[in-house]
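Visitor: What follows is entry.cif, made up of mmCIF, C-alpha atoms, pLDDT in the B column; chains and numbers go by the auth columns:
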data_protein
#
loop_
_atom_site.group_PDB
_atom_site.id
_atom_site.type_symbol
_atom_site.label_atom_id
_atom_site.label_comp_id
_atom_site.label_asym_id
_atom_site.label_seq_id
_atom_site.Cartn_x
_atom_site.Cartn_y
_atom_site.Cartn_z
_atom_site.B_iso_or_equiv
_atom_site.auth_seq_id
_atom_site.auth_asym_id
ATOM 1 C CA MET A 1 14.960 -0.613 -11.925 82.00 1020 D
ATOM 2 C CA HIS A 2 13.520 2.312 -10.007 89.00 1021 D
ATOM 3 C CA ILE A 3 11.131 1.137 -7.301 92.00 1022 D
ATOM 4 C CA PRO A 4 8.138 3.451 -6.748 92.00 1023 D
ATOM 5 C CA ASP A 5 6.671 4.188 -3.337 93.00 1024 D
ATOM 6 C CA GLY A 6 4.022 1.748 -2.214 91.00 1025 D
ATOM 7 C CA TYR A 7 5.693 -1.299 -3.744 93.00 1026 D
ATOM 8 C CA LEU A 8 7.880 -2.075 -0.720 95.00 1027 D
ATOM 9 C CA SER A 9 6.671 -2.343 2.856 95.00 1028 D
ATOM 10 C CA PRO A 10 8.002 0.179 5.382 95.00 1029 D
ATOM 11 C CA GLN A 11 9.652 -2.797 7.086 96.00 1030 D
ATOM 12 C CA THR A 12 11.701 -3.267 3.905 95.00 1031 D
ATOM 13 C CA ALA A 13 12.176 0.281 2.638 96.00 1032 D
ATOM 14 C CA VAL A 14 13.152 2.038 5.881 96.00 1033 D
ATOM 15 C CA PRO A 15 16.046 -0.315 6.751 97.00 1034 D
ATOM 16 C CA PHE A 16 17.551 0.293 3.316 97.00 1035 D
ATOM 17 C CA LEU A 17 17.375 4.037 3.961 96.00 1036 D
ATOM 18 C CA ALA A 18 19.238 3.396 7.215 97.00 1037 D
ATOM 19 C CA VAL A 19 21.815 1.203 5.485 96.00 1038 D
ATOM 20 C CA MET A 20 22.566 3.741 2.764 97.00 1039 D
ATOM 21 C CA VAL A 21 23.251 6.613 5.189 97.00 1040 D
ATOM 22 C CA PRO A 22 26.597 5.190 6.423 97.00 1041 D
ATOM 23 C CA VAL A 23 27.374 3.854 2.930 97.00 1042 D
ATOM 24 C CA LEU A 24 27.038 7.326 1.419 97.00 1043 D
ATOM 25 C CA ALA A 25 28.904 8.891 4.339 97.00 1044 D
ATOM 26 C CA THR A 26 31.774 6.484 3.687 97.00 1045 D
ATOM 27 C CA ALA A 27 31.617 7.167 -0.056 97.00 1046 D
ATOM 28 C CA THR A 28 31.783 10.913 0.576 96.00 1047 D
ATOM 29 C CA LYS A 29 34.799 10.523 2.864 96.00 1048 D
ATOM 30 C CA LYS A 30 36.568 8.225 0.381 95.00 1049 D
ATOM 31 C CA VAL A 31 35.999 10.678 -2.455 95.00 1050 D
ATOM 32 C CA GLU A 32 37.203 13.635 -0.396 93.00 1051 D
ATOM 33 C CA ASN A 33 40.375 11.815 0.602 93.00 1052 D
ATOM 34 C CA ASN A 34 41.256 9.962 -2.579 90.00 1053 D
ATOM 35 C CA LEU A 35 39.771 11.691 -5.600 88.00 1054 D
ATOM 36 C CA LYS A 36 42.181 14.013 -7.389 86.00 1055 D
ATOM 37 C CA LYS A 37 41.005 17.556 -8.081 86.00 1056 D
ATOM 38 C CA LYS A 38 41.203 17.030 -11.836 83.00 1057 D
ATOM 39 C CA HIS A 39 38.731 14.148 -11.496 89.00 1058 D
ATOM 40 C CA VAL A 40 36.053 16.092 -9.606 91.00 1059 D
ATOM 41 C CA PRO A 41 34.518 17.474 -12.847 92.00 1060 D
ATOM 42 C CA VAL A 42 34.584 13.939 -14.252 91.00 1061 D
ATOM 43 C CA LEU A 43 32.518 12.738 -11.288 94.00 1062 D
ATOM 44 C CA ALA A 44 30.018 15.550 -11.831 94.00 1063 D
ATOM 45 C CA ILE A 45 29.778 14.803 -15.553 92.00 1064 D
ATOM 46 C CA GLY A 46 29.474 11.085 -14.825 93.00 1065 D
ATOM 47 C CA ALA A 47 26.605 11.692 -12.399 94.00 1066 D
ATOM 48 C CA ALA A 48 24.861 13.900 -14.973 95.00 1067 D
ATOM 49 C CA PHE A 49 25.416 11.289 -17.693 93.00 1068 D
ATOM 50 C CA SER A 50 23.948 8.586 -15.453 93.00 1069 D
ATOM 51 C CA PHE A 51 20.994 10.825 -14.667 93.00 1070 D
ATOM 52 C CA VAL A 52 20.237 11.354 -18.363 92.00 1071 D
ATOM 53 C CA ILE A 53 20.503 7.765 -19.547 91.00 1072 D
ATOM 54 C CA MET A 54 18.419 6.481 -16.635 90.00 1073 D
ATOM 55 C CA MET A 55 15.566 8.667 -17.875 86.00 1074 D
ATOM 56 C CA PHE A 56 15.244 6.495 -21.007 84.00 1075 D
ATOM 57 C CA ASN A 57 13.064 3.815 -19.442 78.00 1076 D
ATOM 58 C CA ILE A 58 11.616 0.642 -20.941 78.00 1077 D
ATOM 59 C CA PRO A 59 8.543 -0.331 -18.877 78.00 1078 D
ATOM 60 C CA VAL A 60 8.738 -3.718 -17.129 74.00 1079 D
ATOM 61 C CA PRO A 61 5.438 -5.479 -16.272 68.00 1080 D
ATOM 62 C CA GLY A 62 4.648 -4.944 -12.614 62.00 1081 D
ATOM 63 C CA GLY A 63 5.615 -1.298 -12.233 63.00 1082 D
ATOM 64 C CA SER A 64 9.387 -1.017 -12.691 69.00 1083 D
ATOM 65 C CA SER A 65 11.578 -0.241 -15.704 73.00 1084 D
ATOM 66 C CA ALA A 66 14.684 -1.317 -17.580 82.00 1085 D
ATOM 67 C CA HIS A 67 17.358 1.188 -18.528 87.00 1086 D
ATOM 68 C CA ALA A 68 21.092 1.703 -18.803 89.00 1087 D
ATOM 69 C CA VAL A 69 22.865 3.362 -15.847 95.00 1088 D
ATOM 70 C CA GLY A 70 26.554 4.021 -16.519 94.00 1089 D
ATOM 71 C CA ALA A 71 27.522 3.124 -12.942 96.00 1090 D
ATOM 72 C CA VAL A 72 30.176 0.569 -13.908 97.00 1091 D
ATOM 73 C CA LEU A 73 31.807 2.957 -16.384 97.00 1092 D
ATOM 74 C CA LEU A 74 32.089 5.525 -13.601 96.00 1093 D
ATOM 75 C CA ALA A 75 33.449 2.862 -11.239 97.00 1094 D
ATOM 76 C CA ILE A 76 36.138 1.867 -13.749 96.00 1095 D
ATOM 77 C CA LEU A 77 37.232 5.472 -14.219 95.00 1096 D
ATOM 78 C CA LEU A 78 37.029 6.779 -10.648 95.00 1097 D
ATOM 79 C CA GLY A 79 36.493 3.762 -8.410 95.00 1098 D
ATOM 80 C CA PRO A 80 33.312 2.200 -6.987 97.00 1099 D
ATOM 81 C CA TRP A 81 33.012 4.605 -4.053 97.00 1100 D
ATOM 82 C CA ALA A 82 32.931 7.593 -6.397 96.00 1101 D
ATOM 83 C CA ALA A 83 30.440 5.792 -8.635 97.00 1102 D
ATOM 84 C CA CYS A 84 28.256 5.042 -5.626 97.00 1103 D
ATOM 85 C CA LEU A 85 28.197 8.708 -4.660 97.00 1104 D
ATOM 86 C CA GLY A 86 27.652 10.046 -8.184 96.00 1105 D
ATOM 87 C CA VAL A 87 24.840 7.661 -9.101 97.00 1106 D
ATOM 88 C CA SER A 88 23.172 8.186 -5.703 97.00 1107 D
ATOM 89 C CA VAL A 89 23.067 11.936 -6.341 96.00 1108 D
ATOM 90 C CA ALA A 90 21.430 11.269 -9.717 96.00 1109 D
ATOM 91 C CA LEU A 91 18.854 8.965 -8.096 96.00 1110 D
ATOM 92 C CA ILE A 92 18.066 11.480 -5.364 95.00 1111 D
ATOM 93 C CA ILE A 93 17.452 14.247 -7.910 95.00 1112 D
ATOM 94 C CA GLN A 94 15.282 11.940 -10.024 94.00 1113 D
ATOM 95 C CA ALA A 95 13.163 10.953 -7.023 94.00 1114 D
ATOM 96 C CA LEU A 96 12.765 14.449 -5.565 94.00 1115 D
ATOM 97 C CA PHE A 97 12.180 16.459 -8.732 92.00 1116 D
ATOM 98 C CA PHE A 98 11.038 14.030 -11.439 90.00 1117 D
ATOM 99 C CA GLY A 99 9.114 11.346 -9.564 87.00 1118 D
ATOM 100 C CA ASP A 100 11.327 8.607 -11.018 88.00 1119 D
ATOM 101 C CA GLY A 101 11.538 6.226 -8.067 89.00 1120 D
ATOM 102 C CA GLY A 102 9.962 6.756 -4.683 92.00 1121 D
ATOM 103 C CA ILE A 103 11.056 8.798 -1.683 95.00 1122 D
ATOM 104 C CA ILE A 104 10.622 6.050 0.915 96.00 1123 D
ATOM 105 C CA THR A 105 12.196 3.546 -1.480 96.00 1124 D
ATOM 106 C CA LEU A 106 15.144 5.817 -2.235 97.00 1125 D
ATOM 107 C CA GLY A 107 17.437 3.775 -0.001 97.00 1126 D
ATOM 108 C CA ALA A 108 16.508 0.549 -1.800 97.00 1127 D
ATOM 109 C CA ASN A 109 17.036 2.175 -5.203 97.00 1128 D
ATOM 110 C CA CYS A 110 20.418 3.535 -4.170 97.00 1129 D
ATOM 111 C CA PHE A 111 21.383 0.141 -2.762 98.00 1130 D
ATOM 112 C CA ASN A 112 20.544 -1.693 -5.998 97.00 1131 D
ATOM 113 C CA ILE A 113 21.687 0.812 -8.605 97.00 1132 D
ATOM 114 C CA ALA A 114 24.383 2.886 -6.890 97.00 1133 D
ATOM 115 C CA PHE A 115 25.937 0.325 -4.547 98.00 1134 D
ATOM 116 C CA VAL A 116 25.440 -3.244 -5.788 98.00 1135 D
ATOM 117 C CA MET A 117 25.858 -2.424 -9.474 97.00 1136 D
ATOM 118 C CA PRO A 118 29.157 -0.464 -9.458 97.00 1137 D
ATOM 119 C CA TRP A 119 30.815 -2.663 -6.841 98.00 1138 D
ATOM 120 C CA PHE A 120 29.898 -5.957 -8.523 98.00 1139 D
ATOM 121 C CA GLY A 121 30.704 -4.586 -11.973 98.00 1140 D
ATOM 122 C CA TYR A 122 34.053 -3.257 -10.785 97.00 1141 D
ATOM 123 C CA TRP A 123 34.907 -6.663 -9.285 97.00 1142 D
ATOM 124 C CA VAL A 124 34.029 -8.398 -12.582 98.00 1143 D
ATOM 125 C CA TYR A 125 36.139 -5.856 -14.492 97.00 1144 D
ATOM 126 C CA ARG A 126 39.202 -6.412 -12.322 96.00 1145 D
ATOM 127 C CA MET A 127 38.815 -10.188 -12.456 97.00 1146 D
ATOM 128 C CA VAL A 128 38.421 -10.363 -16.249 97.00 1147 D
ATOM 129 C CA LYS A 129 40.975 -7.678 -17.146 94.00 1148 D
ATOM 130 C CA GLY A 130 43.682 -9.024 -14.885 93.00 1149 D
ATOM 131 C CA GLN A 131 46.995 -7.369 -15.721 91.00 1150 D
ATOM 132 C CA ALA A 132 45.969 -6.463 -19.271 92.00 1151 D
ATOM 133 C CA ASP A 133 46.046 -2.879 -20.484 92.00 1152 D
ATOM 134 C CA PRO A 134 42.618 -1.214 -20.155 91.00 1153 D
ATOM 135 C CA LEU A 135 42.706 -0.321 -23.861 92.00 1154 D
ATOM 136 C CA SER A 136 43.655 -3.807 -25.042 93.00 1155 D
ATOM 137 C CA GLY A 137 41.023 -6.088 -26.505 95.00 1156 D
ATOM 138 C CA ARG A 138 40.808 -7.924 -23.198 95.00 1157 D
ATOM 139 C CA GLY A 139 40.446 -4.655 -21.309 95.00 1158 D
ATOM 140 C CA ILE A 140 37.555 -3.464 -23.487 96.00 1159 D
ATOM 141 C CA VAL A 141 35.823 -6.856 -23.289 97.00 1160 D
ATOM 142 C CA ALA A 142 36.278 -6.803 -19.515 97.00 1161 D
ATOM 143 C CA ALA A 143 34.601 -3.394 -19.337 97.00 1162 D
ATOM 144 C CA ALA A 144 31.685 -4.540 -21.497 97.00 1163 D
ATOM 145 C CA LEU A 145 31.177 -7.732 -19.473 98.00 1164 D
ATOM 146 C CA ALA A 146 31.402 -5.736 -16.244 98.00 1165 D
ATOM 147 C CA GLY A 147 28.690 -3.348 -17.402 97.00 1166 D
ATOM 148 C CA TYR A 148 26.455 -6.245 -18.437 97.00 1167 D
ATOM 149 C CA ALA A 149 27.000 -8.166 -15.206 98.00 1168 D
ATOM 150 C CA GLY A 150 26.639 -5.111 -12.978 97.00 1169 D
ATOM 151 C CA LEU A 151 23.318 -4.078 -14.504 97.00 1170 D
ATOM 152 C CA ASN A 152 21.878 -7.572 -14.298 97.00 1171 D
ATOM 153 C CA ILE A 153 22.887 -8.188 -10.692 97.00 1172 D
ATOM 154 C CA ALA A 154 21.156 -4.906 -9.798 96.00 1173 D
ATOM 155 C CA ALA A 155 18.068 -6.045 -11.722 95.00 1174 D
ATOM 156 C CA LEU A 156 18.140 -9.330 -9.806 96.00 1175 D
ATOM 157 C CA THR A 157 18.320 -7.682 -6.386 97.00 1176 D
ATOM 158 C CA THR A 158 15.461 -5.389 -7.436 95.00 1177 D
ATOM 159 C CA ALA A 159 13.388 -8.389 -8.540 95.00 1178 D
ATOM 160 C CA VAL A 160 14.035 -10.128 -5.215 96.00 1179 D
ATOM 161 C CA MET A 161 12.915 -7.023 -3.334 96.00 1180 D
ATOM 162 C CA PHE A 162 9.705 -6.884 -5.360 94.00 1181 D
ATOM 163 C CA GLY A 163 8.891 -10.588 -5.127 93.00 1182 D
ATOM 164 C CA SER A 164 9.657 -10.871 -1.424 95.00 1183 D
ATOM 165 C CA GLN A 165 6.863 -8.410 -0.663 95.00 1184 D
ATOM 166 C CA TYR A 166 4.268 -10.749 -2.159 93.00 1185 D
ATOM 167 C CA HIS A 167 5.408 -13.633 0.013 92.00 1186 D
ATOM 168 C CA LEU A 168 6.059 -11.735 3.242 92.00 1187 D
ATOM 169 C CA PHE A 169 3.220 -9.232 3.464 92.00 1188 D
ATOM 170 C CA GLN A 170 -0.336 -10.419 2.850 90.00 1189 D
ATOM 171 C CA ALA A 171 -3.727 -9.710 4.383 90.00 1190 D
ATOM 172 C CA THR A 172 -5.561 -12.441 6.277 87.00 1191 D
ATOM 173 C CA ASP A 173 -7.398 -13.413 3.083 88.00 1192 D
ATOM 174 C CA GLY A 174 -4.116 -13.773 1.166 85.00 1193 D
ATOM 175 C CA THR A 175 -4.319 -10.460 -0.692 90.00 1194 D
ATOM 176 C CA PRO A 176 -0.842 -8.934 -1.205 90.00 1195 D
ATOM 177 C CA LEU A 177 -0.482 -5.710 0.766 91.00 1196 D
ATOM 178 C CA TYR A 178 2.281 -4.135 -1.328 91.00 1197 D
ATOM 179 C CA PHE A 179 3.504 -5.933 -4.443 89.00 1198 D
ATOM 180 C CA MET A 180 1.088 -8.137 -6.335 90.00 1199 D
ATOM 181 C CA TYR A 181 3.356 -10.675 -8.061 91.00 1200 D
ATOM 182 C CA PRO A 182 5.351 -13.602 -6.609 93.00 1201 D
ATOM 183 C CA MET A 183 9.107 -14.033 -6.879 93.00 1202 D
ATOM 184 C CA ARG A 184 9.031 -16.246 -9.978 93.00 1203 D
ATOM 185 C CA VAL A 185 7.136 -13.570 -11.902 93.00 1204 D
ATOM 186 C CA THR A 186 9.284 -10.641 -10.785 93.00 1205 D
ATOM 187 C CA ILE A 187 12.534 -12.432 -11.587 94.00 1206 D
ATOM 188 C CA ALA A 188 11.273 -13.551 -15.003 93.00 1207 D
ATOM 189 C CA ALA A 189 10.008 -10.069 -15.884 90.00 1208 D
ATOM 190 C CA MET A 190 12.999 -8.115 -14.627 90.00 1209 D
ATOM 191 C CA MET A 191 15.715 -10.449 -15.863 93.00 1210 D
ATOM 192 C CA SER A 192 14.287 -10.980 -19.351 90.00 1211 D
ATOM 193 C CA GLU A 193 14.253 -7.230 -20.010 88.00 1212 D
ATOM 194 C CA HIS A 194 17.726 -6.663 -18.619 91.00 1213 D
ATOM 195 C CA LEU A 195 19.436 -9.762 -19.977 93.00 1214 D
ATOM 196 C CA LEU A 196 18.117 -9.197 -23.504 90.00 1215 D
ATOM 197 C CA LEU A 197 17.686 -5.421 -23.864 89.00 1216 D
ATOM 198 C CA ALA A 198 19.152 -3.138 -21.208 90.00 1217 D
ATOM 199 C CA GLY A 199 22.161 -5.377 -20.479 93.00 1218 D
ATOM 200 C CA PRO A 200 23.601 -5.309 -24.023 94.00 1219 D
ATOM 201 C CA VAL A 201 23.110 -1.531 -24.110 93.00 1220 D
ATOM 202 C CA GLU A 202 24.986 -1.193 -20.813 96.00 1221 D
ATOM 203 C CA ALA A 203 27.754 -3.462 -22.116 97.00 1222 D
ATOM 204 C CA LEU A 204 28.140 -1.379 -25.278 96.00 1223 D
ATOM 205 C CA LEU A 205 28.055 1.863 -23.310 95.00 1224 D
ATOM 206 C CA THR A 206 30.687 0.691 -20.824 96.00 1225 D
ATOM 207 C CA GLY A 207 33.073 -0.891 -23.343 96.00 1226 D
ATOM 208 C CA ALA A 208 32.784 1.961 -25.832 96.00 1227 D
ATOM 209 C CA GLY A 209 33.079 4.528 -23.046 95.00 1228 D
ATOM 210 C CA VAL A 210 36.328 3.060 -21.756 95.00 1229 D
ATOM 211 C CA GLY A 211 37.708 2.848 -25.296 95.00 1230 D
ATOM 212 C CA PHE A 212 36.733 6.418 -26.198 95.00 1231 D
ATOM 213 C CA ILE A 213 38.033 7.973 -22.986 93.00 1232 D
ATOM 214 C CA GLY A 214 41.227 5.934 -23.139 91.00 1233 D
ATOM 215 C CA GLN A 215 41.939 7.035 -26.700 92.00 1234 D
ATOM 216 C CA HIS A 216 41.023 10.699 -26.409 91.00 1235 D
ATOM 217 C CA TYR A 217 41.465 11.506 -22.714 89.00 1236 D
ATOM 218 C CA PRO A 218 44.048 9.000 -21.420 89.00 1237 D
ATOM 219 C CA GLU A 219 44.843 11.186 -18.425 86.00 1238 D
ATOM 220 C CA LEU A 220 41.420 10.292 -17.028 84.00 1239 D
ATOM 221 C CA MET A 221 42.117 6.567 -17.054 85.00 1240 D
ATOM 222 C CA PRO A 222 43.151 4.848 -13.805 80.00 1241 D
ATOM 223 C CA GLY A 223 46.864 4.211 -13.515 69.00 1242 D
ATOM 224 C CA TYR A 224 47.783 6.936 -16.004 63.00 1243 D
ATOM 225 C CA ILE A 225 51.371 8.094 -15.597 56.00 1244 D
ATOM 226 C CA GLU A 226 52.615 11.185 -17.387 52.00 1245 D
ATOM 227 C CA SER A 227 56.333 11.584 -17.989 42.00 1246 D
ATOM 228 C CA ASP A 228 58.239 14.819 -17.703 40.00 1247 D
ATOM 229 C CA THR A 229 59.106 14.827 -21.397 38.00 1248 D
ATOM 230 C CA LYS A 230 57.350 17.084 -23.848 39.00 1249 D
ATOM 231 C CA MET A 231 55.950 14.190 -25.811 41.00 1250 D
ATOM 232 C CA GLY A 232 54.639 12.420 -22.702 42.00 1251 D
ATOM 233 C CA VAL A 233 54.555 8.715 -22.118 41.00 1252 D
ATOM 234 C CA THR A 234 51.616 6.918 -20.607 48.00 1253 D
ATOM 235 C CA ALA A 235 51.254 3.689 -18.765 49.00 1254 D
ATOM 236 C CA HIS A 236 48.274 1.931 -17.277 52.00 1255 D
ATOM 237 C CA VAL A 237 47.951 -0.464 -14.389 49.00 1256 D
#
Once you've parsed the file, please lay out its structure as C-alpha cells.
Guide:
Amino acid sequence: MHIPDGYLSPQTAVPFLAVMVPVLATATKKVENNLKKKHVPVLAIGAAFSFVIMMFNIPVPGGSSAHAVGAVLLAILLGPWAACLGVSVALIIQALFFGDGGIITLGANCFNIAFVMPWFGYWVYRMVKGQADPLSGRGIVAAALAGYAGLNIAALTTAVMFGSQYHLFQATDGTPLYFMYPMRVTIAAMMSEHLLLAGPVEALLTGAGVGFIGQHYPELMPGYIESDTKMGVTAHV
C-alpha cells in the first residue's frame, strides 16, 4: 500500500502531510499520558514487527504493493493512538532509509496505513467482540475480522488516492500528469490483491497474535487485572 513519490500531485500529498502532523502530535501526547511503562517496550516491538512484515511486498499492478501490516494487532493491545504512532515510525524509517514509500507521500501513507487502518480495525474489533472475553472464540474471530477489515479499508483509501489523480490532474491533451490508471482500475487492482491475499494473512496474524499473547503474556492484554494472591487471577474487559 506504500505510495511512491510522483504518483500523487503536490496538491494531494502536501495536505496529507499537514493533516498527519497534528494527528501524530495527538498520538504522542496520548501515549505519553496513557501508556503504562511496562507497555512501552511492547510498542517498540510492535513498531519493529510492523516494519518487518511490511517489507514482504506483493507487487500490485500500477506501482503499489500488498502486504500485511500488524496495525490492528497493535491497536487491540495498546489502543489505536499507540498503533498510529508505532506504525508511523515504521513508515518513516522505511521511506527515509529503504525507499519503501515516498517522502512527499509520507503523510498519505501514514494516513492510510497508520491512521485509517488501526482506527477502523479497532472499531470493528470492539463491535464484533462486544462483552466477550478477548481469548474466547468470539474474541479471536473479532480480532481476525478486524485485521482483515482494517487492511482492506486502508487498501481502498489508497486505491481512491491513486485513481483520483487520473481524473483530477491531466494535461490539455488528456494525458495523466501523475497516476496513469482510472479509479475503476486502481480499485480492482488494489482490492483483489488485498481481499484475496494480504487480507487473509492479516486476519491470521491478528487473530493468532491475540491468542498467543493472551495465552502466554496475559499481562499485556487490555483489561488485565492481577490479584494480590500468589497464584494471581486475571480478568479481561
Visitor: List the neighbours of Phe1188 of chain D out to 10 Å using all atoms listed in the file; skip same-chain residues closer than 2 positions along the sequence, and give me the result as a PyMOL selection string.
Guide: chain D and resi 1027-1028+1030+1183-1186+1190-1191+1193-1198
Visitor: Once the PyMOL selection byres ((chain D and resi 1094-1103) around 6) is applied to the coordinates I shared, what remains selected? I want it as a list in words.
Guide: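 After applying the PyMOL selection byres ((chain D and resi 1094-1103) around 6), what remains is Ala1046, Val1050, Ala1090, Val1091, Leu1092, Leu1093, Leu1104, Gly1105, Val1106, Ser1107, Ala1133, Phe1134, Pro1137, Trp1138, Met1240 and Pro1241 of chain D.
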Visitor: Can I get the selected residues back with C-alpha atoms, as a short mmCIF file (atom, residue, chain, number, x, y, z; two decimals), keeping the file's coordinate frame?
Guide:
data_model
loop_
_atom_site.label_atom_id
_atom_site.label_comp_id
_atom_site.auth_asym_id
_atom_site.auth_seq_id
_atom_site.Cartn_x
_atom_site.Cartn_y
_atom_site.Cartn_z
CA ALA D 1046 31.62 7.17 -0.06
CA VAL D 1050 36.00 10.68 -2.46
CA ALA D 1090 27.52 3.12 -12.94
CA VAL D 1091 30.18 0.57 -13.91
CA LEU D 1092 31.81 2.96 -16.38
CA LEU D 1093 32.09 5.52 -13.60
CA LEU D 1104 28.20 8.71 -4.66
CA GLY D 1105 27.65 10.05 -8.18
CA VAL D 1106 24.84 7.66 -9.10
CA SER D 1107 23.17 8.19 -5.70
CA ALA D 1133 24.38 2.89 -6.89
CA PHE D 1134 25.94 0.32 -4.55
CA PRO D 1137 29.16 -0.46 -9.46
CA TRP D 1138 30.82 -2.66 -6.84
CA MET D 1240 42.12 6.57 -17.05
CA PRO D 1241 43.15 4.85 -13.80
#
Visitor: I need the output of the PyMOL selection byres ((chain D and resi 1216-1221) around 7) for this file as a list of chain:residue names; which residues are they?
Guide: D:Ala1085, D:His1086, D:Ala1087, D:Gly1089, D:Gly1166, D:Tyr1167, D:Leu1170, D:Asn1171, D:Glu1212, D:His1213, D:Leu1214, D:Leu1215, D:Ala1222, D:Leu1223, D:Leu1224, D:Thr1225
Visitor: I'd like to know which of D:Ile1111, D:Ala1227, D:Val1143, D:Ala1162 is closest to Leu1043 of chain D, using only C-alpha atoms.
Guide: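 Checking each of D:Ile1111, D:Ala1227, D:Val1143, D:Ala1162 against Leu1043 of chain D, counting only C-alpha atoms, the winner is D:Ile1111.
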Visitor: Work out how far atom CA of Ala1165 of chain D is from atom CA of Ala1208 of chain D, in Å to one decimal.
Guide: 21.8 Å
Visitor: May I ask which of the residues D:Met1020, D:Val1079, D:Val1229, D:Ile1122 is the closest one to Ser1155 of chain D, counting only C-alpha atoms?
Guide: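 Of D:Met1020, D:Val1079, D:Val1229, D:Ile1122, the one nearest Ser1155 of chain D, counting only C-alpha atoms, is D:Val1229.
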Visitor: To one decimal place in Å, what is the distance between atom CA of His1235 of chain D and atom CA of Ile1132 of chain D?
Guide: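 Straight-line distance from atom CA of His1235 of chain D to atom CA of Ile1132 of chain D works out to 28.1 Å.
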Visitor: Calculated over all atoms listed in the file, which of the candidates D:Ala1173, D:Met1209, D:Cys1129, D:Ile1232 has the smallest distance to Ile1077 of chain D?
Guide: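 Under the stated criterion, the closest residue is D:Met1209.
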Visitor: Which residues are close to Thr1031 of chain D, i.e. within 9 Å by only C-alpha atoms, leaving aside same-chain residues fewer than 5 positions away? Reply as JSON, numbers by chain.
Guide: {"D": [1124, 1127, 1180, 1184]}
Visitor: Using all atoms listed in the file, can you tell me which of D:Ile1206, D:Ile1123, D:Ile1112, D:Val1160 comes closest to Ala1066 of chain D?
Guide: D:Ile1112
Visitor: Find the distance between atom CA of Arg1157 of chain D and atom CA of Ile1172 of chain D and write it in Å to one decimal.
Guide: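 Straight-line distance from atom CA of Arg1157 of chain D to atom CA of Ile1172 of chain D works out to 21.9 Å.
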Visitor: With only C-alpha atoms as the atoms that count, which of D:Gly1169, D:Gly1121, D:Pro1201, D:Gly1158 lies nearest to Gly1230 of chain D?
Guide: D:Gly1158
Visitor: Check what the PyMOL selection byres ((chain D and resi 1039) around 10) selects in the file above and give those residues as a PyMOL selection string.
Guide: chain D and resi 1034-1038+1040-1045+1107+1125-1130+1133-1134
Visitor: Hey, which of D:Ala1063, D:Gly1025, D:Met1136, D:Gly1149 ends up closest to Val1108 of chain D? Count only C-alpha atoms.
Guide: D:Ala1063
Visitor: List as a compact mmCIF listing (two decimals) with C-alpha atoms, in the frame of the given file the protein and nucleic acid residues near Ala1151 of chain D, meaning an atom at most 12 Å away when only C-alpha atoms are counted, but skip any in the same chain fewer than 3 places from it.
Guide:
# COMPACT_ATOMS: atom_id res chain seq x y z
CA TYR D 1144 36.14 -5.86 -14.49
CA ARG D 1145 39.20 -6.41 -12.32
CA MET D 1146 38.82 -10.19 -12.46
CA VAL D 1147 38.42 -10.36 -16.25
CA LYS D 1148 40.98 -7.68 -17.15
CA LEU D 1154 42.71 -0.32 -23.86
CA SER D 1155 43.66 -3.81 -25.04
CA GLY D 1156 41.02 -6.09 -26.50
CA ARG D 1157 40.81 -7.92 -23.20
CA GLY D 1158 40.45 -4.66 -21.31
CA ILE D 1159 37.56 -3.46 -23.49
CA VAL D 1160 35.82 -6.86 -23.29
CA ALA D 1161 36.28 -6.80 -19.52
CA ALA D 1162 34.60 -3.39 -19.34
CA ALA D 1254 51.25 3.69 -18.76
CA HIS D 1255 48.27 1.93 -17.28
CA VAL D 1256 47.95 -0.46 -14.39
